[in-house]
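Asks: Contents of structure33.txt (compact mmCIF, C-alpha atoms and all ligand atoms) are given next:
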```
# COMPACT_ATOMS: atom_id res chain seq x y z
CA MET M 1 172.48 55.12 85.45
CA GLN M 2 174.71 53.41 82.89
CA LEU M 3 174.17 49.89 81.62
CA ASP M 4 177.04 47.49 81.80
CA LYS M 5 177.73 45.59 78.56
CA ASN M 6 178.13 42.40 80.60
CA GLN M 7 174.58 42.72 81.92
CA ILE M 8 173.29 42.85 78.35
CA ALA M 9 175.50 39.93 77.29
CA GLN M 10 174.38 37.81 80.25
CA TYR M 11 170.71 38.54 79.56
CA ASN M 12 171.12 37.63 75.90
CA GLU M 13 172.93 34.43 76.80
CA ASP M 14 170.07 33.41 79.09
CA ASN M 15 167.52 33.99 76.32
CA LEU M 16 169.50 32.85 73.30
CA ALA M 17 168.05 29.36 72.79
CA GLY M 18 164.47 30.58 72.50
CA HIS M 19 165.51 33.40 70.17
CA GLN M 20 167.44 31.10 67.84
CA ARG M 21 164.48 28.75 67.56
CA LYS M 22 162.24 31.59 66.38
CA LEU M 23 164.95 33.06 64.15
CA SER M 24 165.59 29.84 62.28
CA TYR M 25 161.89 29.58 61.48
CA ILE M 26 161.53 33.14 60.20
CA THR M 27 164.75 33.07 58.15
CA SER M 28 163.41 29.95 56.44
CA GLU M 29 160.17 31.82 55.64
CA ILE M 30 161.62 35.14 54.40
CA ALA M 31 164.05 34.91 51.49
CA ASN M 32 165.82 38.24 52.05
CA SER M 33 166.17 37.92 55.86
CA GLU M 34 169.87 38.70 55.90
CA ALA M 35 169.42 41.95 53.94
CA ILE M 36 166.51 42.93 56.21
CA ILE M 37 168.61 42.38 59.34
CA GLN M 38 171.36 44.63 57.94
CA LYS M 39 168.89 47.40 57.12
CA LEU M 40 167.39 47.12 60.62
CA ILE M 41 170.85 47.50 62.17
CA ASP M 42 171.39 50.73 60.20
CA PHE M 43 167.99 52.22 60.99
CA GLN M 44 167.93 54.75 63.84
CA ILE M 45 164.94 56.56 65.29
CA ALA M 46 165.41 59.86 67.10
CA ILE M 47 163.95 60.20 70.57
CA PRO M 48 162.35 63.55 71.41
CA SER M 49 163.59 65.15 74.60
CA TRP M 50 160.01 66.02 75.56
CA ALA M 51 158.86 62.39 75.61
CA LEU M 52 161.25 61.37 78.40
CA GLY M 53 158.96 62.68 81.11
CA THR M 54 155.26 62.29 81.83
CA GLY M 55 153.30 64.49 79.46
CA GLY M 56 149.94 64.31 81.12
CA THR M 57 146.82 65.89 79.69
CA ARG M 58 145.22 69.30 80.09
CA PHE M 59 143.42 67.80 83.09
CA GLY M 60 146.29 66.40 85.06
CA ARG M 61 149.76 64.99 85.23
CA PHE M 62 150.85 61.93 87.17
CA PRO M 63 154.64 61.77 87.18
CA GLY M 64 156.13 58.36 87.83
CA GLY M 65 159.37 59.57 89.41
CA GLY M 66 163.00 59.62 88.35
CA GLU M 67 162.34 61.87 85.36
CA PRO M 68 165.31 63.67 83.79
CA ARG M 69 165.77 67.11 85.36
CA SER M 70 168.27 68.52 82.89
CA ILE M 71 169.48 68.17 79.34
CA GLU M 72 172.33 66.00 80.66
CA GLU M 73 169.87 63.58 82.28
CA LYS M 74 167.75 63.54 79.12
CA ILE M 75 170.81 62.48 77.14
CA GLU M 76 171.49 59.85 79.78
CA ASP M 77 167.95 58.49 79.35
CA VAL M 78 168.21 58.30 75.56
CA GLY M 79 171.60 56.64 76.10
CA LEU M 80 169.85 53.98 78.20
CA LEU M 81 167.30 53.36 75.46
CA HIS M 82 170.04 53.15 72.83
CA ALA M 83 172.12 50.76 74.93
CA LEU M 84 169.07 48.50 75.19
CA ASN M 85 167.87 48.57 71.58
CA GLN M 86 170.76 50.05 69.54
CA SER M 87 168.09 51.78 67.42
CA SER M 88 167.68 55.07 69.29
CA GLY M 89 170.97 56.68 68.36
CA ALA M 90 169.72 60.27 68.17
CA ILE M 91 167.95 62.87 70.27
CA SER M 92 165.70 65.66 69.07
CA LEU M 93 165.83 68.79 71.23
CA HIS M 94 163.21 71.42 71.85
CA ILE M 95 164.30 75.02 72.37
CA PRO M 96 163.88 76.68 74.87
CA TRP M 97 163.03 73.60 76.95
CA ASP M 98 166.51 72.27 76.30
CA ILE M 99 169.21 74.91 76.36
CA ALA M 100 172.79 73.69 76.14
CA ALA M 101 174.73 76.20 78.26
CA ASN M 102 177.95 74.53 77.20
CA PRO M 103 177.32 72.92 73.78
CA GLN M 104 180.70 71.21 73.56
CA SER M 105 180.25 69.34 76.84
CA ILE M 106 176.70 68.34 75.78
CA LYS M 107 178.05 67.11 72.46
CA ASP M 108 180.76 65.12 74.23
CA LEU M 109 178.24 63.60 76.62
CA ALA M 110 175.99 62.56 73.72
CA ALA M 111 178.97 61.04 71.89
CA GLN M 112 179.82 58.97 74.97
CA HIS M 113 176.36 57.42 74.67
CA GLY M 114 176.71 56.97 70.90
CA LEU M 115 174.09 59.65 70.22
CA LYS M 116 173.75 62.31 67.53
CA PHE M 117 171.52 65.38 67.50
CA ASP M 118 168.61 65.09 65.13
CA ALA M 119 166.31 67.99 64.19
CA VAL M 120 166.08 70.89 66.62
CA ASN M 121 162.56 72.15 67.29
CA SER M 122 161.53 75.76 67.77
CA ASN M 123 158.71 76.82 70.03
CA THR M 124 156.44 79.74 69.19
CA PHE M 125 153.32 78.08 70.58
CA GLN M 126 154.03 79.19 74.14
CA ASP M 127 155.11 82.47 75.71
CA GLN M 128 158.40 82.35 77.58
CA ALA M 129 158.94 84.36 80.75
CA ASP M 130 161.50 86.71 79.22
CA GLN M 131 159.82 87.39 75.89
CA GLU M 132 158.48 90.82 74.95
CA PHE M 133 155.42 89.93 72.84
CA SER M 134 152.76 87.23 73.22
CA TYR M 135 151.95 84.51 70.67
CA LYS M 136 148.32 84.39 71.79
CA PHE M 137 147.22 85.36 68.26
CA GLY M 138 149.92 83.52 66.38
CA SER M 139 153.62 83.83 65.69
CA LEU M 140 154.81 83.72 62.08
CA GLN M 141 151.31 84.64 60.86
CA ASN M 142 150.74 87.46 63.36
CA VAL M 143 149.18 90.70 62.11
CA ASN M 144 151.83 92.56 64.13
CA LYS M 145 155.18 92.72 62.36
CA ALA M 146 157.13 93.07 65.62
CA ILE M 147 155.66 89.78 66.88
CA ARG M 148 156.54 88.04 63.63
CA LYS M 149 160.07 89.39 63.94
CA GLN M 150 160.38 88.02 67.47
CA ALA M 151 159.26 84.57 66.26
CA ILE M 152 161.67 84.66 63.30
CA GLU M 153 164.57 85.61 65.56
CA HIS M 154 163.71 82.74 67.91
CA ASN M 155 163.87 80.26 65.01
CA ILE M 156 167.21 81.68 63.89
CA GLU M 157 168.50 81.33 67.45
CA VAL M 158 167.39 77.66 67.42
CA ILE M 159 169.33 77.11 64.19
CA LYS M 160 172.43 78.62 65.85
CA GLN M 161 172.11 76.30 68.83
CA GLY M 162 171.60 73.36 66.48
CA ILE M 163 174.77 74.22 64.57
CA GLU M 164 176.74 74.16 67.85
CA LEU M 165 175.43 70.64 68.57
CA GLY M 166 175.94 69.24 65.09
CA SER M 167 172.25 69.06 64.20
CA LYS M 168 171.35 69.28 60.51
CA SER M 169 167.69 70.24 60.49
CA LEU M 170 165.08 72.54 61.99
CA THR M 171 161.50 71.41 62.55
CA VAL M 172 158.93 74.19 62.56
CA TRP M 173 155.53 73.37 63.95
CA LEU M 174 153.15 76.30 64.23
CA SER M 175 150.05 76.41 66.37
CA ASP M 176 149.07 79.50 64.33
CA GLY M 177 145.50 79.67 63.11
CA SER M 178 142.17 80.95 64.35
CA CYS M 179 139.45 79.80 66.70
CA PHE M 180 136.48 81.59 65.15
CA PRO M 181 135.23 82.51 61.69
CA GLY M 182 136.20 86.04 60.76
CA GLN M 183 139.12 86.16 63.18
CA LEU M 184 141.70 85.81 60.44
CA ASN M 185 142.19 86.80 56.83
CA PHE M 186 143.40 83.41 55.52
CA ARG M 187 145.34 84.88 52.59
CA LYS M 188 147.15 87.46 54.70
CA ALA M 189 147.92 84.85 57.36
CA TYR M 190 149.43 82.65 54.64
CA GLN M 191 151.46 85.51 53.18
CA ASN M 192 152.79 86.62 56.56
CA THR M 193 153.73 83.04 57.39
CA LEU M 194 155.48 82.58 54.04
CA GLU M 195 157.49 85.79 54.44
CA SER M 196 158.48 84.77 57.97
CA LEU M 197 159.51 81.29 56.82
CA GLU M 198 161.55 82.82 54.01
CA GLU M 199 163.60 84.78 56.55
CA ILE M 200 164.16 81.64 58.64
CA TYR M 201 165.05 79.65 55.53
CA ALA M 202 167.63 82.27 54.56
CA ALA M 203 169.42 81.61 57.87
CA LEU M 204 169.78 77.85 57.21
CA PRO M 205 173.33 76.56 56.58
CA ALA M 206 173.84 74.99 53.14
CA ASP M 207 173.72 71.41 54.43
CA TRP M 208 170.62 71.90 56.59
CA LYS M 209 166.98 71.02 56.00
CA LEU M 210 163.86 72.84 57.15
CA PHE M 211 160.94 70.56 58.04
CA LEU M 212 157.52 72.19 58.03
CA GLU M 213 155.08 70.14 60.09
CA TYR M 214 151.33 70.44 59.56
CA LYS M 215 148.41 69.79 61.87
CA CYS M 216 144.69 69.90 61.08
CA ALA M 217 143.52 71.35 64.40
CA GLU M 218 144.50 72.16 67.98
CA PRO M 219 145.15 74.43 69.74
CA ASN M 220 143.23 76.49 67.20
CA PHE M 221 139.93 74.86 66.35
CA TYR M 222 138.55 76.79 63.37
CA SER M 223 141.55 77.10 61.09
CA THR M 224 145.22 76.20 61.19
CA THR M 225 147.65 78.11 59.01
CA VAL M 226 149.63 74.99 58.08
CA ALA M 227 146.77 72.52 58.34
CA ASP M 228 147.52 69.67 55.98
CA TRP M 229 150.14 68.24 53.66
CA GLY M 230 148.91 70.33 50.73
CA GLN M 231 149.37 73.54 52.63
CA SER M 232 152.79 72.50 53.96
CA TYR M 233 153.75 71.48 50.40
CA SER M 234 152.65 74.85 49.09
CA TYR M 235 155.03 76.61 51.50
CA VAL M 236 158.01 74.29 51.07
CA GLN M 237 157.74 74.43 47.28
CA LYS M 238 158.09 78.20 47.43
CA LEU M 239 160.86 78.15 50.05
CA GLY M 240 163.32 76.05 48.06
CA GLU M 241 165.19 72.78 47.84
CA LYS M 242 166.18 72.66 51.52
CA ALA M 243 162.55 72.80 52.67
CA PHE M 244 160.44 69.67 53.18
CA THR M 245 157.12 68.57 54.60
CA LEU M 246 157.15 66.67 57.88
CA VAL M 247 154.40 64.11 58.51
CA ASP M 248 153.22 63.62 62.09
CA LEU M 249 150.93 60.60 62.13
CA GLY M 250 148.59 62.22 64.66
CA HIS M 251 147.99 65.43 62.72
CA HIS M 252 145.39 64.31 60.18
CA LEU M 253 141.65 64.40 59.95
CA PRO M 254 140.06 61.01 60.73
CA ASN M 255 140.54 58.32 58.07
CA ALA M 256 143.06 60.34 56.03
CA ASN M 257 145.05 58.04 53.74
CA ILE M 258 148.49 58.81 55.18
CA GLU M 259 150.25 56.16 53.07
CA GLN M 260 149.08 57.89 49.90
CA ILE M 261 150.24 61.28 51.21
CA VAL M 262 153.64 59.78 51.95
CA SER M 263 153.91 58.20 48.52
CA LEU M 264 153.17 61.44 46.65
CA LEU M 265 155.41 63.63 48.81
CA LEU M 266 158.25 61.15 48.24
CA MET M 267 157.58 61.13 44.50
CA ASP M 268 157.99 64.91 44.42
CA GLY M 269 161.09 64.86 46.63
CA LYS M 270 159.35 66.88 49.32
CA LEU M 271 158.99 64.37 52.15
CA GLY M 272 161.38 65.42 54.89
CA GLY M 273 160.62 63.12 57.74
CA PHE M 274 158.29 61.66 60.29
CA HIS M 275 156.91 62.06 63.74
CA PHE M 276 155.73 58.59 64.74
CA ASN M 277 152.92 58.01 67.21
CA ASP M 278 149.45 56.49 67.15
CA SER M 279 145.97 57.76 67.86
CA LYS M 280 142.31 56.89 67.96
CA TYR M 281 140.64 60.30 68.10
CA GLY M 282 143.06 63.11 67.37
CA ASP M 283 146.62 64.01 68.26
CA ASP M 284 146.60 61.39 71.00
CA ASP M 285 150.39 60.88 70.93
CA LEU M 286 150.10 57.20 71.85
CA THR M 287 152.71 54.48 71.30
CA ALA M 288 153.55 53.90 67.62
CA GLY M 289 151.74 50.82 66.36
CA ALA M 290 149.58 50.52 69.49
CA LEU M 291 146.26 51.02 67.71
CA LYS M 292 146.74 50.87 63.96
CA PRO M 293 149.72 48.65 63.23
CA TYR M 294 148.41 47.84 59.74
CA GLN M 295 148.37 51.52 58.84
CA LEU M 296 151.94 51.86 60.12
CA PHE M 297 152.95 48.91 57.94
CA LEU M 298 151.19 50.38 54.88
CA ILE M 299 153.03 53.67 55.43
CA PHE M 300 156.35 51.84 55.60
CA ASN M 301 155.38 49.86 52.53
CA GLU M 302 155.08 53.14 50.59
CA LEU M 303 158.25 54.48 52.18
CA VAL M 304 160.34 51.48 51.18
CA GLU M 305 158.87 51.38 47.67
CA GLY M 306 159.24 55.13 47.18
CA MET M 307 162.73 55.44 48.65
CA ASP M 308 163.97 52.52 46.55
CA ALA M 309 162.41 54.03 43.43
CA ARG M 310 164.41 57.22 44.07
CA GLY M 311 167.60 55.40 45.11
CA MET M 312 167.45 56.87 48.60
CA ASN M 313 169.30 55.70 51.69
CA HIS M 314 166.65 54.42 54.09
CA ALA M 315 168.66 55.25 57.18
CA SER M 316 169.83 58.77 56.40
CA ASP M 317 167.77 60.47 53.68
CA LEU M 318 164.68 61.10 55.78
CA GLY M 319 164.28 62.26 59.39
CA TRP M 320 162.88 59.50 61.59
CA MET M 321 161.56 60.77 64.90
CA ILE M 322 159.06 59.80 67.54
CA ASP M 323 156.65 62.45 68.81
CA ALA M 324 154.71 60.98 71.69
CA SER M 325 153.49 61.74 75.15
CA HIS M 326 152.72 59.46 78.06
CA ASN M 327 150.17 59.75 80.77
CA VAL M 328 149.89 56.32 82.34
CA LYS M 329 153.04 54.47 81.23
CA ASP M 330 156.69 54.75 82.14
CA PRO M 331 157.99 57.09 79.39
CA LEU M 332 161.10 55.01 78.73
CA GLU M 333 159.16 51.76 78.50
CA ASP M 334 156.72 53.44 76.13
CA LEU M 335 159.54 54.65 73.90
CA LEU M 336 161.01 51.13 73.78
CA GLN M 337 157.60 49.88 72.67
CA SER M 338 157.34 52.60 70.00
CA VAL M 339 160.76 51.84 68.55
CA GLU M 340 159.88 48.13 68.49
CA GLY M 341 156.58 48.87 66.69
CA ILE M 342 158.35 51.01 64.09
CA MET M 343 161.09 48.44 63.49
CA MET M 344 158.53 45.68 63.01
CA ALA M 345 156.57 47.72 60.45
CA TYR M 346 159.82 48.54 58.63
CA ALA M 347 160.94 44.88 58.64
CA GLN M 348 157.56 43.74 57.32
CA ALA M 349 157.67 46.35 54.55
CA LEU M 350 161.17 45.17 53.59
CA SER M 351 159.85 41.62 53.29
CA VAL M 352 157.16 42.51 50.72
CA ASP M 353 157.65 40.69 47.42
CA ARG M 354 157.89 43.83 45.22
CA VAL M 355 158.14 41.95 41.92
CA ALA M 356 155.04 39.86 42.63
CA LEU M 357 153.16 42.94 43.86
CA GLU M 358 153.95 44.91 40.72
CA GLU M 359 152.89 41.99 38.57
CA ALA M 360 149.59 41.71 40.45
CA GLN M 361 149.05 45.47 40.05
CA ASN M 362 149.76 45.32 36.32
CA ASN M 363 147.30 42.45 35.95
CA ASN M 364 144.65 44.19 38.05
CA ASP M 365 144.78 41.13 40.28
CA VAL M 366 143.37 42.85 43.34
CA VAL M 367 143.15 39.69 45.43
CA THR M 368 146.79 38.75 44.95
CA ALA M 369 147.95 42.31 45.63
CA GLN M 370 146.02 42.35 48.89
CA GLU M 371 147.31 38.87 49.81
CA ILE M 372 150.93 39.95 49.28
CA LEU M 373 150.59 42.89 51.65
CA GLN M 374 148.56 41.04 54.25
CA ASN M 375 150.91 38.09 54.16
CA ALA M 376 153.84 40.39 54.98
CA PHE M 377 151.87 42.10 57.75
CA ARG M 378 150.73 38.82 59.27
CA THR M 379 154.25 37.40 59.40
CA ASP M 380 155.86 37.57 62.84
CA VAL M 381 159.16 39.38 62.23
CA ARG M 382 160.02 39.97 65.88
CA ALA M 383 162.94 37.54 65.76
CA LEU M 384 164.49 39.48 62.84
CA VAL M 385 164.27 42.72 64.81
CA ALA M 386 165.74 40.98 67.86
CA GLU M 387 168.57 39.49 65.77
CA ALA M 388 169.47 42.96 64.45
CA ARG M 389 169.63 44.22 68.03
CA LEU M 390 171.71 41.25 69.13
CA ARG M 391 174.27 41.79 66.37
CA ALA M 392 174.44 45.53 67.15
CA GLY M 393 175.11 44.86 70.84
CA GLY M 394 171.64 45.53 72.22
CA ALA M 395 169.35 43.35 74.32
CA LEU M 396 167.21 40.58 72.81
CA SER M 397 164.25 42.09 74.67
CA PRO M 398 164.92 45.73 75.64
CA LEU M 399 161.78 45.91 77.74
CA GLY M 400 162.56 42.60 79.44
CA LEU M 401 166.03 43.77 80.45
CA PHE M 402 164.74 47.23 81.47
CA ARG M 403 162.49 45.53 84.02
CA ASN M 404 165.04 42.91 84.93
CA LEU M 405 167.60 45.56 85.88
CA LYS M 406 164.97 47.70 87.64
CA VAL M 407 166.01 50.74 85.61
CA ARG M 408 163.15 52.96 86.76
CA GLU M 409 163.68 52.07 90.41
CA ASN M 410 167.34 53.00 90.00
CA LEU M 411 166.50 56.31 88.32
CA ILE M 412 164.12 57.14 91.18
CA LYS M 413 166.89 56.38 93.65
CA GLU M 414 169.27 58.68 91.76
CA ARG M 415 166.90 61.52 90.95
CA GLY M 416 164.10 61.23 93.47
CA LEU M 417 160.40 60.51 93.24
CA LYS M 418 159.51 64.15 92.63
CA ALA M 419 161.94 64.72 89.73
CA ILE M 420 159.96 66.28 86.90
CA SER M 421 161.14 66.65 83.36
CA THR M 422 161.25 70.05 81.71
CA GLY M 423 158.97 70.51 78.71
CA LEU M 424 155.36 69.54 78.12
MN MN Y 1 154.96 66.38 65.86
```
For the file at hand, write its structure as structure tokens.
Ligand SMILES: [Mn+2]
Replies:
Amino acid sequence: MQLDKNQIAQYNEDNLAGHQRKLSYITSEIANSEAIIQKLIDFQIAIPSWALGTGGTRFGRFPGGGEPRSIEEKIEDVGLLHALNQSSGAISLHIPWDIAANPQSIKDLAAQHGLKFDAVNSNTFQDQADQEFSYKFGSLQNVNKAIRKQAIEHNIEVIKQGIELGSKSLTVWLSDGSCFPGQLNFRKAYQNTLESLEEIYAALPADWKLFLEYKCAEPNFYSTTVADWGQSYSYVQKLGEKAFTLVDLGHHLPNANIEQIVSLLLMDGKLGGFHFNDSKYGDDDLTAGALKPYQLFLIFNELVEGMDARGMNHASDLGWMIDASHNVKDPLEDLLQSVEGIMMAYAQALSVDRVALEEAQNNNDVVTAQEILQNAFRTDVRALVAEARLRAGGALSPLGLFRNLKVRENLIKERGLKAISTGL
């Protein structure tokens, strides 16, 4: 299904009066509105190929129908999202769930939808049908050198596929670790992992980045070999200047101060990018901003402050990706909600009065500092986000138009009720 530009224009026309009323209020409230709108237009969030279908849980899966059955249909789905919000201009692929048999035709198809390829993701947390050795006891950390070699070669193969598609980064997430005390020699597991990562790093093209994601627990529940930002940082420091830590919001122990982690990684030039989602208990992979929007804002507050302090380009110097899964919602609707939540947090962070905040901090004026942040968070910036979309050619309300045009019903008609996405 392809959206017609006229459908978007007609929808915007029908909703313009209400939008302009809200916009004129917010632009009178926020001094740098125009600069914020421009930054929002430039900001793109990559959509993961594995979030386009129903993820389910380990108990069950309830597909909603019309899911993408191939890499081509996944690109088509991200193209739909991008047409609606003009902020989802990239797709992040997972190998071997997404194999491009003919990379050039896949690249051309993506370009037709205005999409680029963001980080490619390797997978050594599952066994594939044709693989010789099992990753049951880990991949890059494995005590068996032949298994480590297999995992290294897989990562190098992912880099090769990424090069064909024009991707510029590899994300490595390892499920390696142990489930019981005594199972693993922590130091040897670290050393094996480091040596394996060094071989993968050596295969990176000069203009590529390696993102090393961490996760405190699951599927291993006693130890994880890259468990937190400190451990990821320890590896990427040793690997070199093309290696960075990737922060997935759902991969921390409860109550971790993620905004502080982000600030310090940025300060040291070792923050590579993000996997956005939200959670209440663990790696719940819920819609970004659905549960803890203030935390998301505080993270963006540190990002904006830290990127500006280093003279970084907000849109291109870090990898912005969603990593989510859906059990009860339409995956495409959920992704539209996530992008909206992220854009709002970013817009609010851009509206923070940095000069006044620094002055309050220097005067130890705790109350004023808190007021400045809470004032930004409590300001309704939805009209600014909508205005950025409008100017970029998207829909004033992506979700509204998605329902209006009965996108899911059309996808079910095209692909069938039983169409199931490849991946998780
Ligand atoms: Mn992730």
Asks: Taking only C-alpha atoms into account, which of M:Ala90, M:Leu246, M:Leu264, M:Ala347 comes nearest Glu34 of chain M?
Replies: M:Ala347
Asks: So which residues are near ligand MN 1 (chain Y), meaning at most 8 Å away with all atoms listed in the file counted, given back as a ChimeraX atom specification?
Replies: /M:173,213,247-251,275-276,322-324
Asks: To one decimal place in Å, what is the distance between atom CA of Ser263 of chain M and atom CA of Asp308 of chain M?
Replies: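 These two atoms are separated by 11.7 Å.
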Asks: Could you list, as a ChimeraX atom specification, every residue within 10 Å of Glu157 of chain M, counting all atoms listed in the file and ignoring same-chain residues fewer than 3 positions away?
Replies: /M:95-96,122,151-154,160-163,200,203
Asks: Could you check the closest approach to Ile261 of chain M for each of M:Val236, M:Ala9, M:Val352, M:Leu303 and tell me which residue wins, using only C-alpha atoms?
Replies: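 Smallest distance to Ile261 of chain M is found for M:Leu303.
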Asks: Calculated over all atoms listed in the file, which of the candidates M:Val385, M:Ile41, M:Val366, M:Leu239 has the smallest distance to Leu23 of chain M?
Replies: M:Val385
Asks: Work out how far apart atom CA of Ser24 of chain M and atom CA of Val339 of chain M are and give it in Å to one decimal.
Replies: 23.4 Å
Asks: With distances taken over only C-alpha atoms, which of M:Ile159, M:Leu399, M:Ala388, M:Phe137 is nearest to His19 of chain M?
Replies: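 Using only C-alpha atoms, the shortest distance to His19 of chain M belongs to M:Ala388.
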Asks: Excluding same-chain residues fewer than 3 positions from Asn192 of chain M, what lies within 8 Å of it counting all atoms listed in the file, as a PDB file with C-alpha atoms, in the coordinates of the input?
Replies:
```pdb
ATOM      1  CA  LEU M 140     154.810  83.720  62.080  1.00  0.00           C
ATOM      2  CA  GLN M 141     151.310  84.640  60.860  1.00  0.00           C
ATOM      3  CA  ASN M 142     150.740  87.460  63.360  1.00  0.00           C
ATOM      4  CA  VAL M 143     149.180  90.700  62.110  1.00  0.00           C
ATOM      5  CA  LYS M 188     147.150  87.460  54.700  1.00  0.00           C
ATOM      6  CA  ALA M 189     147.920  84.850  57.360  1.00  0.00           C
ATOM      7  CA  GLU M 195     157.490  85.790  54.440  1.00  0.00           C
ATOM      8  CA  SER M 196     158.480  84.770  57.970  1.00  0.00           C
TER       9      SER M 196
END
```
